[in-house]
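This is target.csv. It holds CSV, C-alpha atoms.
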```csv
chain,number,residue,atom,x,y,z
A,190,MET,CA,-39.5,-10.5,38.5
A,191,SER,CA,-35.8,-11.1,38.7
A,192,THR,CA,-33.6,-11.4,35.6
A,193,THR,CA,-31.8,-14.7,35.2
A,194,ASP,CA,-28.2,-15.2,34.0
A,195,ARG,CA,-29.5,-16.9,30.9
A,196,GLU,CA,-31.8,-14.0,30.0
A,197,ILE,CA,-28.8,-11.7,30.3
A,198,ARG,CA,-26.8,-14.0,28.0
A,199,ILE,CA,-29.6,-14.0,25.5
A,200,ALA,CA,-29.8,-10.2,25.5
A,201,HIS,CA,-26.1,-10.0,24.9
A,202,ALA,CA,-26.3,-12.5,22.1
A,203,VAL,CA,-29.0,-10.6,20.3
A,204,LEU,CA,-27.0,-7.3,20.7
A,205,GLU,CA,-23.8,-9.0,19.5
A,206,LEU,CA,-25.5,-10.3,16.4
A,207,THR,CA,-27.2,-7.1,15.4
A,208,HIS,CA,-24.6,-4.5,16.5
A,209,ARG,CA,-22.1,-4.6,13.6
A,210,ARG,CA,-19.9,-2.3,11.7
A,211,ALA,CA,-21.3,-1.3,8.3
A,212,ASP,CA,-18.6,-3.2,6.5
A,213,PHE,CA,-18.8,-6.4,8.6
A,214,ASP,CA,-18.1,-9.8,7.1
A,215,PRO,CA,-21.4,-11.7,6.5
A,216,LEU,CA,-19.7,-15.1,6.9
A,217,GLU,CA,-18.3,-14.1,10.3
A,218,LEU,CA,-21.8,-13.1,11.4
A,219,LEU,CA,-23.3,-16.4,10.3
A,220,HIS,CA,-20.6,-18.3,12.1
A,221,ASP,CA,-21.3,-16.2,15.3
A,222,LEU,CA,-25.0,-17.2,14.9
A,223,THR,CA,-24.0,-21.0,15.0
A,224,ALA,CA,-21.8,-20.3,18.0
A,225,GLN,CA,-24.6,-18.5,19.9
A,226,ALA,CA,-27.1,-21.3,19.1
A,227,VAL,CA,-24.8,-23.9,20.6
A,228,ALA,CA,-24.1,-21.7,23.6
A,229,LEU,CA,-27.8,-21.0,24.4
A,230,LEU,CA,-29.7,-24.1,23.2
A,231,PRO,CA,-29.5,-27.8,24.2
A,232,VAL,CA,-27.9,-28.8,20.9
A,233,ARG,CA,-24.8,-30.7,19.9
A,234,CYS,CA,-23.9,-28.4,17.0
A,235,ALA,CA,-25.4,-26.0,14.5
A,236,GLY,CA,-24.9,-25.1,10.9
A,237,ILE,CA,-26.2,-22.7,8.2
A,238,THR,CA,-27.1,-23.5,4.6
A,239,VAL,CA,-28.1,-20.8,2.1
A,240,LEU,CA,-30.0,-21.0,-1.1
A,241,ASP,CA,-28.5,-20.1,-4.5
A,242,ARG,CA,-29.7,-17.1,-6.5
A,243,GLU,CA,-32.5,-19.1,-8.0
A,244,GLY,CA,-33.7,-20.2,-4.6
A,245,ASN,CA,-33.5,-23.9,-5.4
A,246,ASP,CA,-30.1,-25.5,-4.6
A,247,ALA,CA,-28.6,-25.2,-1.2
A,248,VAL,CA,-25.0,-24.3,-0.5
A,249,TYR,CA,-23.1,-25.0,2.7
A,250,VAL,CA,-21.9,-21.8,4.4
A,251,THR,CA,-20.7,-22.4,7.9
A,252,ALA,CA,-21.0,-24.6,11.0
A,253,SER,CA,-20.1,-24.7,14.6
A,254,ASP,CA,-17.8,-27.7,14.2
A,255,ASP,CA,-16.6,-30.3,11.8
A,256,LEU,CA,-19.3,-32.8,12.7
A,257,CYS,CA,-22.0,-30.4,11.6
A,258,LEU,CA,-20.0,-29.3,8.6
A,259,ALA,CA,-19.9,-32.9,7.3
A,260,LEU,CA,-23.6,-33.4,7.9
A,261,GLU,CA,-24.5,-30.1,6.2
A,262,GLU,CA,-22.5,-31.3,3.2
A,263,ASP,CA,-24.3,-34.6,3.3
A,264,GLN,CA,-27.6,-32.8,3.0
A,265,GLY,CA,-26.4,-31.1,-0.1
A,266,GLU,CA,-25.1,-34.3,-1.6
A,267,LEU,CA,-28.3,-36.3,-0.8
A,268,ASN,CA,-30.6,-33.3,-1.6
A,269,GLU,CA,-32.5,-34.0,1.6
A,270,GLY,CA,-32.4,-33.0,5.2
A,271,PRO,CA,-33.8,-30.6,7.8
A,272,CYS,CA,-31.8,-27.5,6.7
A,273,LEU,CA,-32.9,-28.0,3.1
A,274,ASP,CA,-36.6,-28.3,4.0
A,275,SER,CA,-36.6,-25.3,6.2
A,276,ALA,CA,-34.6,-23.2,3.8
A,277,ARG,CA,-36.9,-24.0,0.8
A,278,THR,CA,-40.2,-23.7,2.6
A,279,GLN,CA,-39.0,-20.8,4.9
A,280,ARG,CA,-40.8,-22.4,7.8
A,281,PRO,CA,-39.4,-23.6,11.1
A,282,LEU,CA,-38.9,-27.4,11.5
A,283,PRO,CA,-39.8,-28.8,14.9
A,284,VAL,CA,-37.6,-31.3,16.6
A,285,LEU,CA,-37.8,-34.6,14.7
A,286,SER,CA,-36.3,-37.9,15.7
A,287,LEU,CA,-33.9,-39.7,13.4
A,288,THR,CA,-34.5,-43.0,15.0
A,289,GLY,CA,-37.2,-45.6,14.1
A,290,PRO,CA,-38.0,-47.9,11.2
A,291,PRO,CA,-36.5,-46.8,7.9
A,292,GLY,CA,-39.9,-46.5,6.2
A,293,SER,CA,-41.0,-44.0,8.9
A,294,LEU,CA,-38.1,-41.6,8.5
A,295,ARG,CA,-38.6,-38.3,6.8
A,296,TRP,CA,-35.1,-38.4,5.3
A,297,PRO,CA,-34.3,-42.1,4.7
A,298,ARG,CA,-30.8,-41.4,3.3
A,299,PHE,CA,-29.7,-38.6,5.5
A,300,ALA,CA,-31.0,-40.1,8.8
A,301,PRO,CA,-28.6,-43.1,8.9
A,302,ARG,CA,-25.6,-40.9,8.2
A,303,ALA,CA,-26.6,-38.6,11.0
A,304,ARG,CA,-27.1,-41.5,13.4
A,305,ARG,CA,-23.7,-42.9,12.6
A,306,ALA,CA,-22.3,-39.5,13.6
A,307,GLY,CA,-24.1,-39.6,16.9
A,308,ILE,CA,-27.0,-37.3,16.0
A,309,MET,CA,-30.4,-38.6,17.1
A,310,ALA,CA,-32.7,-35.6,16.4
A,311,VAL,CA,-32.7,-32.4,14.4
A,312,ALA,CA,-34.6,-29.1,14.0
A,313,ALA,CA,-34.2,-26.0,11.9
A,314,VAL,CA,-35.4,-22.4,11.6
A,315,PRO,CA,-35.4,-20.2,8.5
A,316,LEU,CA,-33.0,-17.4,7.8
A,317,ARG,CA,-34.4,-14.7,5.6
A,318,LEU,CA,-34.0,-11.2,4.3
A,319,PRO,CA,-37.1,-9.0,3.7
A,320,GLN,CA,-39.0,-10.6,0.8
A,321,VAL,CA,-36.0,-12.8,0.1
A,322,PRO,CA,-35.5,-16.4,1.4
A,323,LEU,CA,-31.9,-16.8,2.4
A,324,GLY,CA,-31.5,-20.2,4.0
A,325,ALA,CA,-31.8,-21.9,7.4
A,326,LEU,CA,-30.1,-22.5,10.7
A,327,ASN,CA,-29.8,-26.3,11.3
A,328,LEU,CA,-29.8,-27.6,14.9
A,329,LEU,CA,-28.5,-31.1,15.6
A,330,MET,CA,-29.0,-33.0,18.9
A,331,ALA,CA,-27.1,-36.0,20.2
A,332,GLU,CA,-29.2,-36.8,23.3
A,333,PRO,CA,-32.2,-35.5,25.4
A,334,PRO,CA,-33.2,-33.1,26.6
A,335,TYR,CA,-34.0,-31.8,23.2
A,336,PRO,CA,-35.0,-28.1,22.5
A,337,SER,CA,-38.5,-27.1,23.6
A,338,SER,CA,-40.9,-25.0,21.6
A,339,ARG,CA,-39.6,-22.0,23.5
A,340,ASP,CA,-36.0,-22.9,22.7
A,341,LEU,CA,-37.0,-23.0,19.0
A,342,ARG,CA,-38.6,-19.6,19.3
A,343,LEU,CA,-35.3,-18.4,20.7
A,344,ALA,CA,-33.5,-19.9,17.8
A,345,GLN,CA,-35.8,-18.0,15.4
A,346,VAL,CA,-35.1,-14.8,17.3
A,347,LEU,CA,-31.3,-15.3,16.9
A,348,ALA,CA,-31.8,-16.1,13.2
A,349,ASP,CA,-34.0,-13.0,12.8
A,350,ALA,CA,-31.4,-10.8,14.6
A,351,THR,CA,-28.8,-12.1,12.1
A,352,SER,CA,-31.2,-11.3,9.3
A,353,THR,CA,-31.7,-7.8,10.6
A,354,ALA,CA,-27.9,-7.2,10.5
A,355,LEU,CA,-27.7,-8.6,6.9
A,356,ALA,CA,-30.6,-6.4,5.8
A,357,PHE,CA,-28.9,-3.3,7.3
A,358,ARG,CA,-25.8,-4.2,5.4
A,359,GLN,CA,-27.8,-4.5,2.2
A,360,GLU,CA,-29.5,-1.1,2.9
A,361,ILE,CA,-26.1,0.5,3.5
A,362,ALA,CA,-24.7,-0.9,0.2
A,363,GLU,CA,-27.8,0.3,-1.7
A,364,MET,CA,-27.6,3.7,-0.1
A,365,GLU,CA,-24.0,4.0,-1.0
A,366,GLN,CA,-24.9,3.0,-4.5
A,367,VAL,CA,-27.6,5.7,-4.7
A,368,LEU,CA,-25.2,8.3,-3.2
A,369,GLY,CA,-22.6,7.3,-5.8
A,370,GLN,CA,-25.2,7.7,-8.6
A,371,LEU,CA,-26.2,11.1,-7.3
A,372,GLN,CA,-22.6,12.2,-7.1
A,373,THR,CA,-22.1,11.1,-10.7
A,374,ALA,CA,-25.2,13.1,-11.7
A,375,LEU,CA,-23.9,16.2,-9.9
A,376,ASP,CA,-20.5,15.8,-11.6
A,377,SER,CA,-22.2,15.4,-15.0
A,378,ARG,CA,-24.3,18.5,-14.4
A,379,LEU,CA,-21.2,20.5,-13.6
A,380,VAL,CA,-19.5,19.4,-16.8
A,381,ILE,CA,-22.6,20.2,-18.8
A,382,GLU,CA,-22.8,23.7,-17.2
A,383,GLN,CA,-19.2,24.3,-18.1
A,384,ALA,CA,-19.8,23.2,-21.7
A,385,LYS,CA,-22.9,25.4,-22.0
A,386,GLY,CA,-20.9,28.4,-20.8
A,387,ALA,CA,-18.0,27.8,-23.1
A,388,LEU,CA,-20.3,27.3,-26.1
A,389,SER,CA,-22.4,30.3,-25.2
A,390,VAL,CA,-19.4,32.6,-25.2
A,391,ARG,CA,-17.9,31.0,-28.4
A,392,LEU,CA,-21.2,31.4,-30.4
A,393,ASN,CA,-22.5,34.5,-28.6
A,394,VAL,CA,-25.8,32.7,-27.9
A,395,SER,CA,-27.8,32.2,-24.7
A,396,LEU,CA,-27.1,29.4,-22.3
A,397,ASP,CA,-30.4,27.8,-23.2
A,398,GLU,CA,-29.6,27.8,-26.9
A,399,ALA,CA,-26.1,26.5,-26.2
A,400,PHE,CA,-27.7,23.6,-24.2
A,401,GLN,CA,-30.1,22.8,-27.0
A,402,ARG,CA,-27.2,22.7,-29.5
A,403,LEU,CA,-25.4,20.3,-27.2
A,404,ARG,CA,-28.4,18.0,-26.8
A,405,ALA,CA,-29.2,18.0,-30.6
A,406,HIS,CA,-25.6,17.2,-31.5
A,407,ALA,CA,-25.3,14.4,-28.9
A,408,ARG,CA,-28.6,12.8,-30.1
A,409,SER,CA,-27.8,13.1,-33.8
A,410,HIS,CA,-24.4,11.5,-33.3
A,411,GLN,CA,-25.6,9.0,-30.7
A,412,ARG,CA,-23.2,10.3,-28.0
A,413,GLN,CA,-23.7,10.7,-24.3
A,414,LEU,CA,-24.4,14.3,-23.4
A,415,THR,CA,-21.9,14.2,-20.6
A,416,GLU,CA,-19.1,12.9,-22.9
A,417,LEU,CA,-19.8,15.6,-25.5
A,418,SER,CA,-19.9,18.3,-22.8
A,419,ALA,CA,-16.6,17.2,-21.3
A,420,GLN,CA,-15.0,17.5,-24.8
A,421,VAL,CA,-16.5,21.0,-25.3
A,422,ALA,CA,-15.4,22.1,-21.8
A,423,ARG,CA,-11.8,21.1,-22.8
A,424,GLY,CA,-12.0,23.4,-25.8
A,425,GLN,CA,-12.4,20.6,-28.3
A,426,VAL,CA,-15.6,21.8,-30.0
A,427,PRO,CA,-17.0,19.8,-32.9
A,428,ALA,CA,-17.2,21.8,-36.1
A,429,GLU,CA,-20.9,21.2,-36.5
A,430,LEU,CA,-21.5,22.9,-33.2
A,431,LEU,CA,-19.9,26.1,-34.5
A,432,ASP,CA,-22.4,26.2,-37.4
A,433,PRO,CA,-24.5,29.3,-36.8
A,434,THR,CA,-27.7,27.4,-37.7
A,435,PRO,CA,-29.0,25.2,-34.9
```
Encoded form using C-alpha cells:
Amino acid sequence: MSTTDREIRIAHAVLELTHRRADFDPLELLHDLTAQAVALLPVRCAGITVLDREGNDAVYVTASDDLCLALEEDQGELNEGPCLDSARTQRPLPVLSLTGPPGSLRWPRFAPRARRAGIMAVAAVPLRLPQVPLGALNLLMAEPPYPSSRDLRLAQVLADATSTALAFRQEIAEMEQVLGQLQTALDSRLVIEQAKGALSVRLNVSLDEAFQRLRAHARSHQRQLTELSAQVARGQVPAELLDPTP
C-alpha cells in the first residue's frame, strides 16, 4: 500500500500539534488547529470556542479568519449554534445544512446570519481534556463537497492531538507545582533541623526534646513551626523556650 501526499500531510499535522515546548502558548496551539483543519478538510473556515469555568457559557478563542471569527461571536451572542452544541454536549456534530424552511432549522437565528455570510453547512467536534470538557472545533462550509464521515473523524483526531498537548502542559504545570512544594518542604526541614540543633546546644537537651519544645511552643502560640524554627536558627529564641520545664 503506497502512502499518499495527503496522508503525509496529516501525519505532519498531528506531529506539529502534539510536539510542543513545555511552555508553549495555548492560544497559538488552538490557532494552529484551525489552520490545520482548513488545510486538510473541505471547509471554508474553522474556529474554536471554549467553555467558561462553570462549563456553561461559551467564550470565543480563535478562528482561521475574520469570517469565522464573526460567526463564532454571533453564536455567543445568540446563545445557539454548532460550536455551542458540541462544546456543551461534548459530542461531534455531523454536517448539517443551514438551508431550508425556517421552521426546520436547528438554529433559527444563527442560520440566517451564517447564510448571509456565505456559509451553507456546518459541523463540529469536541475539544476536551481528560475528565474536563473544554470546548469545540467549529467547521464552516460554503459549498459542496462537504466533509465526509471520515473527514470528521480526522477533525476529531486533530482536536484530540491538540487536547493531548494541552493535557501534557497541564501535567507539566502540576509536576512543577509538586516539585516546588517538595522543595519548600525540604527547605523547611533544613530550617527545623538547624533550630533543633541550636536549641539542643542552648538547653543541653536531646534533639528529640528540642523538637518537642519547638512543636509545643508553636502550637500554644498558634505559629507555624517553620517560622518559629527560622527565628530560633537566627539566635532569636523566645524566653519561654529557655524555660527548663517543657
Protein and nucleic acid residues near (-29.2, -29.2, 20.3) (cut-off 7 Å, all atoms listed in the file) as a count of residues only
11
Given all atoms listed in the file as the basis, pick out the residue of A:Ile197, A:Val314, A:Ala228, A:Ala419 nearest to A:Thr278.
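Smallest separation from A:Thr278 among the options: A:Val314.
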Calculated over all atoms listed in the file, which of the candidates A:Leu285, A:Leu273, A:Ile237, A:Ala350 has the smallest distance to A:Ile199?
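Of A:Leu285, A:Leu273, A:Ile237, A:Ala350, the one nearest A:Ile199 is A:Ala350, counting all atoms listed in the file.
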Could you list, as a list in words, every residue within 12 Å of A:Phe357, counting all atoms listed in the file and ignoring same-chain residues fewer than 6 positions away?
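Near neighbours after the sequence-gap exclusion: Leu206, Thr207, His208, Arg209, Arg210, Ala211, Asp212, Phe213, Pro215, Leu318, Pro319, Ala350, Thr351, Glu363 and Met364 of chain A.
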Quote the spacing between atom CA of A:Arg304 and atom CA of A:Leu347 in Å to one decimal place.
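These two atoms are separated by 26.8 Å.
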One decimal, in Å: what's the spacing between atom CA of A:Arg339 and atom CA of A:Ala276?
20.4 Å
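Atom to atom, atom CA of A:Ser389 and atom CA of A:Gln425 stand 14.3 Å apart.
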Residue list as a VMD selection string for point (-19.7, 23.7, -25.2), cut-off 6 Å, all atoms listed in the file:
chain A and resid 384 to 385 387 to 388 418 421 to 422
Counting only C-alpha atoms, figure out which residue out of A:Asp349, A:Asp340, A:Asp376, A:Glu266 gets nearest to A:Val203.
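For A:Val203, the nearest of the given residues is A:Asp349.
Shortest separation to A:Ala348 among A:Ala252, A:Ala235, A:Leu260, A:Leu326 occurs at residue A:Leu326, atoms counted being only C-alpha atoms.
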Which of A:Arg402, A:Glu262, A:Gln413, A:Gln345 sits closest to A:Val426 [using only C-alpha atoms]
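Of all the options, A:Arg402 lies closest to A:Val426.
If you measure from each of A:Arg358, A:Ser286, A:Asp397, A:Val346 to A:Pro333 using only C-alpha atoms, the closest one turns out to be A:Ser286.
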